[in-house]
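One structure below.
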Amino acid sequence: MTHFYVDKFFVIGITEEMMFRELILKEINRMMSFWKANVITSLLFLLIHYPD
């Protein structure tokens, strides 16, 4: 049972990283410098994880 939860957390974490680092960061980076795009992506990541 514990193995299931560990796998689930790894899959969720990897999926989030892929979405934010690969998709969103690359798209924003096309429009502006890497550092600005990285800050924006980090703020978006914070917003979805910050409690209401």
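Chain identifiers are assigned as A, B, and so on, following the order in which chains appear in the structure tokens; residues are numbered from 1 within each chain, and ligands are numbered from 1 in order of appearance.
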
>> Taking 5 positions as the minimum chain separation for residues in the same chain, which residues sit within 10 Å of segment 30-40 of chain A when counting only C-alpha atoms? Answer as number ranges by chain.
In response: A: 20-21, 24-25, 45-46

> Distance atom CA of Leu47 of chain A-atom CA of Thr15 of chain A, one decimal place?
Replying inline: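 Separation of atom CA of Leu47 of chain A and atom CA of Thr15 of chain A: 16.9 Å.
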
>> One number please: atom CA of Leu23 of chain A to atom CA of Lys8 of chain A, in Å, one decimal.
In response: 21.4 Å

> Running DSSP on the backbone, which parts of segment 4-51 of chain A land in alpha helix (DSSP H), as an MDAnalysis selection string?
Replying inline: chainID A and resid 4:17 25:31 34:49

> Near His49 of chain A, within 12 Å and counting only C-alpha atoms, which residues show up once chain neighbours fewer than 6 positions away are dropped, as a PyMOL selection string?
Replying inline: chain A and resi 16+42-43

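Put simply, atom CA of Ile48 of chain A is 17.0 Å away from atom CA of Glu22 of chain A.
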